Structure formats: C-alpha cells, structure tokens
Amino acid sequence: MKEAPTQTPLWWKSGVIYQLYPRSFQDANGDGVGDLRGIQQRLDYLQWLGVKAVWISPIYPSPMADFGYDISDYTDIHPLFGTLADFDALLADIHARGLKLILDLVPNHTSDKHPWFLESRSSKDNPKRNWYLWRDAKEDGSVPNNWLAAFGGPAWEWDEVTQQYYYHAFLKEQPDLNWRNPEVQEAMLKVMQFWLDRGVDGFRVDVMWHMIKDGQWRDNPPNPDYKPHMGTYDQLLPVYSTDQPEVHDLVRRMRALLDRYTERVMIGEIYLPIHKLVTYYGVDNTGAHLPFNFQLITLPWNAATIAAAINEYEGALPLEGWPNWVLSNHDQPRIASRIGSDQARVAAMLLLTLRGTPTLYYGDEIGMRDVPIPWNQIQDPQGLNMPDKNLSRDPARTPMQWDAMVHAGFSAVRPWLPLERHAGQRNVALQRNDPGSMLSLYRRLLQLRHAERAFTIGNYTPVYGDHQLISYIREEIGGKRFLIVLNLTHRTALFRAGERGLKGTVVLSTVVGADDRDLEALMPLEGDEGIVVKLDS
Ligand code: NOJ
C-alpha cells in the first residue's frame, strides 16, 4: 500500500471557490448596485460559510455594454464599485482572514471605448491599428467571412472612417484584440503583472478558447444540430474562430508569468467537449491550472449521463491535471431553476464530494432561483438582442437575498435588477438557523470537506450507476473511505450495498434528519436523496 501523503495540498486544490457578481452581492453606498465595500462587509459570512477563495466578476472601468466584460481600463476600478484604495482594503481584509481573491481577466476583447481601440480605429496607419482584427470587405462590399457574434448578428462591424471591418466575437462594443501581435501579448501580461504585484491570488480568464483565430479567416461550417430555440451564433460550428492550436502558446506565456509568483492560480473559461478541454492543461501542465469543467451545467440532469461524464472526465485528465466542477455561473440559469429545488440539494452534494475544486455561484447556497424579469426591465444585451429566444442572463444575476428587510438587506434603495418575490422566505438570515435549509446543507458539506482529507486529496472510484443512481467512493490512501450515493430522480430507489460488501454509517443526507443511520444491505433512498456514508473499512 502506498504511504499516506503528508503534504498540505495547495489552496486552490483543497479550497472551494465562491463566484460573486459584484453588482448583486452587497450595496454599501446606497445606489442599488453592489460594490467593493459591500463585499467587504460580507466577508464574515463567507468565512462562516467555509469557502476559501472569492472570484469577483469584472470591476474595472467599463461603459457596461456587457456589464463589465467590456473594459476601458484594465488597471483601475469602476467608480460604481469603488476605488483602488477600496480594492486594496478589501484584498488586505481577505488575506487577513486567510482567504484568497481571484480577479476576472478579460484578454480577448476590450471596450470600443478603450484608448487602444480609439487609437486603432483612428487611421489605417496608426501604430495600434494592428492591435485589433481589421479586414477589408469582400469585393462586393460584404463581410470578410461568415463568422457570427455570440450575442447575435454578424461578427464584423464596418468602420466608415477607415473603410474596413473589425471583428468582435461578442458585442460590436467589444472588439477582439489581435493576439498574434506581440505588443498585445506584452500589454496584457503587464496588466496581469499589475494585479499580481498588488497581491491578487489568480485570474479567471474570460473566453480563453477564443483568444486566437484562424490565420486564413476561413468560413465556419454550418451546425447540423442547430435548433431554432438556440442563439443565432449556434447556426455555425466555430471551428475556425475558436480553439486554435496557437492558443496554447498564449496560455503558456500567461502561466509562466503566474509561476514567477507564489501559489497563484489561473482558471480558464472554456466551453468545449472534454477531449478538447483537457488540452488546456497544457503540455506537462504548463497551461491553465483549472480549465473550467462545465459538464454539470451543459449536460442533461440524468444519472447515466452524469455518471458517464464524470468517468470520462476522470479518465481524460492528464497526469497531475487537477479536476474542477461548476453548477452555475452568471451566464447560465441557476441550478435550482434547471433541475428543481429538491434536486439542487443532490447537486450540492455532488459538487462538494467529487474529486477536484468546486466553484459555487453566490446565492446557490440558499437555493436562489432565476427571477423573472419584466421585458421592460431586461438589461442583458444577449436577452435584448434575441428577444424571441429567452436568452437573457439577468434572471441568474439578481441581488443576493440576505434577510427579510426591505430589498432583502442588499441595498437601501431599489436594486438594479428586481429581487426574487420570495426573498422574504428564502434568505441567509432565515436559513442560517434552520438545520433543514439549503444553507445548512452547504455548510455541513463544506465542513465535511475541511474535516476529511478523503474529499480533497482522496481518490475517486466509481461504484455503481443506473438510470436513477450515481455512487462512488472517495478514499484517502491509508485513511478514511466515504461512499456517496445520489438519487438523481424524485422516485425512491434501493442501493445494493450488501452485494458489494459495503458497510458503514450515514454521516450526511440531503433529507433532513435522515443521517446517523446504518448503511443497509439493500439501502432505501428517498426521492431526491443523496447520502454520504463513512465506510467501516
Ligand atoms: C464570458 C463571460 O462570462 C460573459 O459574461 C461575457 O458576456 C462574455 N464572456 C464576453 O466577455
């Protein structure tokens, strides 16, 4: 038997990452939009909850065409959120508590109001012209190729002054940078250095797989699986506009910079199938530490599908490649709205007991659901540009529900997006002292992860799965073993523990009051029940 590992795992391997959308976490200055001082006021809560790192979506100066993902200055703070001094104070407080801070880095595109782009568009011979992707029209005046923008319409915008098109993968207010230009690479590395020197613990890199495009600008092929409910972008397969082989050189350069500092982390936002996703770890793990694994978001909530995906992922990871899992984020419907509030409890147990780093989206820990936004209050450009497709991301970005006070304790004034109608019943204050609440379940799962190394450094071994159940063992070599059985349906199920020689005690159940019982040979599970069992041997 191998010796038990004695080393302490790195923080981003053992800790849980908490994503917060800064506009919606806590408003301290009474303008209806969250801010940095608000986040600082809520650090006690995050510490009590038991997460290790906070990832904050963009807080830089921005015209807010895409709510901060259109940056006009990479090295300052938007006045809406505060000042650099507020940022330093927040970071110092985070570190004083032993927590970590991860910033969003948006290297693929800037705002069209960024000075780099203003220069670039000013004339064809401007020194920054080649910092962006400018192309001539075809002879008939049409766009250079068929590429589409993720938020609807073509990805090319005509510039009257200089008589060329520029490329934008998202809004026309978000021109893509030309990452083949070494000056662009240097400039963005300097941005990273600015924040690393200030003390941030890592970056979540926006749309990492978009950063470099086909050198020949070839047309993307049609998507044979396109359905009318999908965004117009999905009409084509983005094989030439994304995931180009050269991207890995860029990722490696960024990683090399991080490696000059101690224990910093690079997370990549990448929506790709597993076999492509894992290439972002880089040769010999010189790429992203954590290429985001979105399978629990993108796959149907079905036991057989999820079990197969976990195993495929575990099998595809490179040696030493560290896994990670995500249930929700600011671009996707919330987990409780996708699979229902009861199954969201099972999902929480899955997220926090799988091998790898979990990322928890603010509000999921109290079971927040997507909030219906009246048409005239929709703010998200993705929703506004494709009104017939229900693609607005606002419903998953609503203010955090802290208590039963006015505006749920988020703000003294009417918030920028409406609150959930049930905020008075679904909030932190109520759930904190209710042992049956979602918040209590999350907290207990987090405590279990802290207490038992099997959940952080332990092996993962699949046990059994069918059309209802997923089960696996987490085991610290030379230490404790835990069995996890999850019922992904509303129907009851029996788990055949006896024939596998499994004996032990339930230490946690998603069903209130159902722990502290023995694992039976034919173990009955309620619908929507998940259990963690401490095995006898
Ligand atoms: C991915 C971000 O998560 C999303 O919110 C944003 O709209 C796009 N990138 C464009 O930056």
# chains A, B, ... in the order shown; residues from 1 in each chain; ligands from 1
>>> residues_near_ligand(ligand="ligand 1", cutoff="8 Å", atoms="only C-alpha atoms and all ligand atoms", output="JSON list (two decimals) with C-alpha atoms, in the first residue's frame")
[["chain", "number", "residue", "atom", "x", "y", "z"],
["A", 66, "ASP", "CA", -21.79, 43.88, -21.33],
["A", 67, "PHE", "CA", -21.79, 44.67, -17.61],
["A", 69, "TYR", "CA", -16.89, 42.44, -19.73],
["A", 70, "ASP", "CA", -16.25, 45.47, -21.98],
["A", 106, "VAL", "CA", -10.77, 39.69, -20.00],
["A", 108, "ASN", "CA", -9.88, 38.50, -25.70],
["A", 109, "HIS", "CA", -11.53, 41.87, -26.24],
["A", 170, "PHE", "CA", -19.42, 39.36, -28.71],
["A", 174, "GLN", "CA", -16.29, 44.57, -27.61],
["A", 206, "ASP", "CA", -12.60, 35.08, -19.82],
["A", 207, "VAL", "CA", -13.27, 33.06, -23.03],
["A", 269, "GLU", "CA", -13.34, 29.83, -19.05],
["A", 329, "ASN", "CA", -22.43, 30.93, -13.12],
["A", 330, "HIS", "CA", -23.52, 34.41, -14.19],
["A", 331, "ASP", "CA", -24.10, 33.28, -17.79]]
>>> select_by_dssp(residues="region 233-476 of chain A", states="alpha helix (DSSP H)", output="compact mmCIF listing (two decimals) with C-alpha atoms, in the first residue's frame")
# COMPACT_ATOMS: atom_id res chain seq x y z
CA VAL A 247 -3.90 29.48 -28.18
CA HIS A 248 -1.83 27.10 -26.08
CA ASP A 249 1.32 29.18 -26.62
CA LEU A 250 -0.51 32.20 -25.24
CA VAL A 251 -1.85 30.31 -22.24
CA ARG A 252 1.63 29.01 -21.52
CA ARG A 253 3.04 32.56 -21.56
CA MET A 254 0.39 33.73 -19.13
CA ARG A 255 1.02 30.76 -16.87
CA ALA A 256 4.78 31.34 -16.94
CA LEU A 257 4.16 34.82 -15.58
CA LEU A 258 1.98 33.48 -12.78
CA ILE A 274 -13.85 17.01 -22.58
CA HIS A 275 -11.22 15.77 -25.04
CA LYS A 276 -10.56 19.35 -26.17
CA LEU A 277 -10.98 20.92 -22.75
CA GLN A 295 -20.35 19.49 -17.77
CA LEU A 296 -22.72 19.74 -14.81
CA ILE A 297 -24.10 22.86 -16.49
CA THR A 298 -24.29 21.70 -20.08
CA ALA A 303 -27.94 9.78 -13.70
CA ALA A 304 -26.49 7.69 -16.53
CA THR A 305 -25.33 10.75 -18.50
CA ILE A 306 -23.75 12.46 -15.50
CA ALA A 307 -22.05 9.28 -14.26
CA ALA A 308 -20.58 8.64 -17.70
CA ALA A 309 -19.36 12.23 -17.94
CA ILE A 310 -17.64 12.09 -14.53
CA ASN A 311 -15.82 8.94 -15.53
CA GLU A 312 -14.91 10.23 -18.96
CA TYR A 313 -13.50 13.39 -17.37
CA GLU A 314 -11.56 11.49 -14.71
CA GLY A 315 -10.15 9.26 -17.44
CA ALA A 316 -9.21 12.11 -19.77
CA ILE A 335 -29.03 25.12 -10.76
CA ALA A 336 -32.26 25.27 -8.70
CA SER A 337 -34.14 26.55 -11.74
CA ARG A 338 -32.66 23.99 -14.09
CA ILE A 339 -33.26 20.86 -12.04
CA SER A 341 -35.06 22.88 -5.64
CA ASP A 342 -35.07 19.29 -4.37
CA GLN A 343 -32.54 18.03 -6.88
CA ALA A 344 -30.44 21.13 -6.26
CA ARG A 345 -29.68 19.62 -2.83
CA VAL A 346 -28.42 16.45 -4.51
CA ALA A 347 -26.39 18.61 -6.90
CA ALA A 348 -24.79 20.39 -3.92
CA MET A 349 -23.70 17.04 -2.52
CA LEU A 350 -22.31 16.02 -5.89
CA LEU A 351 -20.42 19.30 -6.35
CA LEU A 352 -18.81 19.12 -2.92
CA THR A 353 -17.92 15.43 -2.85
CA PRO A 381 -27.64 42.52 -24.25
CA GLN A 382 -27.88 38.80 -25.02
CA GLY A 383 -31.54 38.89 -23.94
CA LEU A 384 -32.31 42.16 -25.67
CA ASN A 385 -30.67 41.23 -28.99
CA VAL A 428 -29.44 33.90 4.57
CA ALA A 429 -30.82 35.13 7.90
CA LEU A 430 -33.69 32.63 7.91
CA GLN A 431 -31.66 29.71 6.66
CA ARG A 432 -28.70 30.19 8.96
CA MET A 438 -30.09 24.61 1.81
CA LEU A 439 -27.61 26.88 3.54
CA SER A 440 -27.18 24.41 6.41
CA LEU A 441 -26.67 21.60 3.91
CA TYR A 442 -23.98 23.57 2.05
CA ARG A 443 -22.29 24.49 5.30
CA ARG A 444 -22.23 20.91 6.53
CA LEU A 445 -20.84 19.71 3.21
CA LEU A 446 -18.15 22.38 3.40
CA GLN A 447 -17.33 21.37 6.97
CA LEU A 448 -17.06 17.74 5.91
CA ARG A 449 -14.62 18.69 3.16
CA HIS A 450 -12.50 20.58 5.67
CA ALA A 451 -12.56 17.80 8.23
>>> atom_distance(atom1="CA of Val200 (chain A)", atom2="CA of Ile94 (chain A)")
10.2 Å
>>> atom_distance(atom1="CA of Ala137 (chain A)", atom2="CA of Asn223 (chain A)")
24.8 Å
>>> select_by_dssp(residues="region 130-327 of chain A", states="strand (DSSP E)", output="short mmCIF file (atom, residue, chain, number, x, y, z; two decimals) with C-alpha atoms, in the first residue's frame")
data_model
loop_
_atom_site.label_atom_id
_atom_site.label_comp_id
_atom_site.auth_asym_id
_atom_site.auth_seq_id
_atom_site.Cartn_x
_atom_site.Cartn_y
_atom_site.Cartn_z
CA TRP A 134 -9.20 44.68 -39.17
CA ARG A 135 -10.11 43.22 -42.56
CA TRP A 156 -17.96 42.07 -38.32
CA GLU A 157 -18.61 45.77 -37.89
CA TRP A 158 -17.98 48.26 -40.68
CA ASP A 159 -15.91 51.32 -39.88
CA GLN A 164 -12.55 48.29 -43.07
CA TYR A 165 -14.39 45.79 -40.91
CA TYR A 166 -13.32 44.87 -37.38
CA TYR A 167 -14.04 41.54 -35.72
CA GLY A 202 -5.12 34.47 -9.51
CA PHE A 203 -7.31 35.05 -12.51
CA ARG A 204 -10.36 33.56 -14.10
CA VAL A 205 -9.56 34.13 -17.76
CA VAL A 265 -3.95 30.20 -9.90
CA MET A 266 -5.13 30.50 -13.49
CA ILE A 267 -8.64 29.35 -14.29
CA GLY A 268 -9.77 29.24 -17.91
CA LEU A 290 -8.11 24.78 -13.83
CA PRO A 291 -9.75 24.78 -17.25
CA ASN A 324 -12.83 21.04 -11.07
CA TRP A 325 -16.63 21.27 -11.11
CA VAL A 326 -19.19 24.05 -11.58
#
>>> closest_residue(among="A:Ala65, A:Leu189, A:Leu508, A:Met208", to="Asp380 (chain A)", atoms="only C-alpha atoms")
A:Ala65
>>> residues_around(residues="region 395-408 of chain A", least_positions_apart="5", cutoff="10 Å", atoms="only C-alpha atoms", output="ChimeraX atom specification")
/A:20-27,32-34,42,328-335,337,361-364,366,368-373,378,380,413-420,422-431
>>> atom_distance(atom1="CA of Thr359 (chain A)", atom2="CA of Leu49 (chain A)")
13.6 Å
>>> residues_around(residues="region 123-125 of chain A", least_positions_apart="5", cutoff="10 Å", atoms="only C-alpha atoms", output="list in words")
Leu118, Asn130, Trp134, Val161, Thr162, Gln163 and Gln164 of chain A
>>> residues_around(residues="region 212-219 of chain A", least_positions_apart="2", cutoff="12 Å", atoms="only C-alpha atoms", output="PyMOL selection string")
chain A and resi 107-109+132-136+143-148+155+167-169+176-181+184-185+207-210+221-222+236-251
>>> residues_around(residues="Leu486 (chain A)", least_positions_apart="3", cutoff="6 Å", atoms="only C-alpha atoms", output="list in words")
Leu469, Ile470 and Gly530 of chain A
>>> write_last_selection(atoms="all heavy atoms", output="compact mmCIF listing (two decimals), in the first residue's frame")
# COMPACT_ATOMS: atom_id res chain seq x y z
N LEU A 469 -29.43 6.19 -10.01
CA LEU A 469 -28.38 6.40 -9.00
C LEU A 469 -27.00 6.63 -9.60
O LEU A 469 -26.66 6.08 -10.65
CB LEU A 469 -28.28 5.16 -8.09
CG LEU A 469 -29.52 4.79 -7.29
CD1 LEU A 469 -29.24 3.53 -6.48
CD2 LEU A 469 -29.92 5.94 -6.36
N ILE A 470 -26.23 7.43 -8.86
CA ILE A 470 -24.79 7.55 -9.09
C ILE A 470 -24.14 7.20 -7.75
O ILE A 470 -24.61 7.66 -6.71
CB ILE A 470 -24.39 9.01 -9.42
CG1 ILE A 470 -25.04 9.47 -10.72
CG2 ILE A 470 -22.89 9.17 -9.48
CD1 ILE A 470 -24.67 10.91 -11.07
N GLY A 530 -29.58 12.20 -1.36
CA GLY A 530 -28.19 11.84 -1.52
C GLY A 530 -27.63 11.57 -0.14
O GLY A 530 -28.03 12.22 0.83
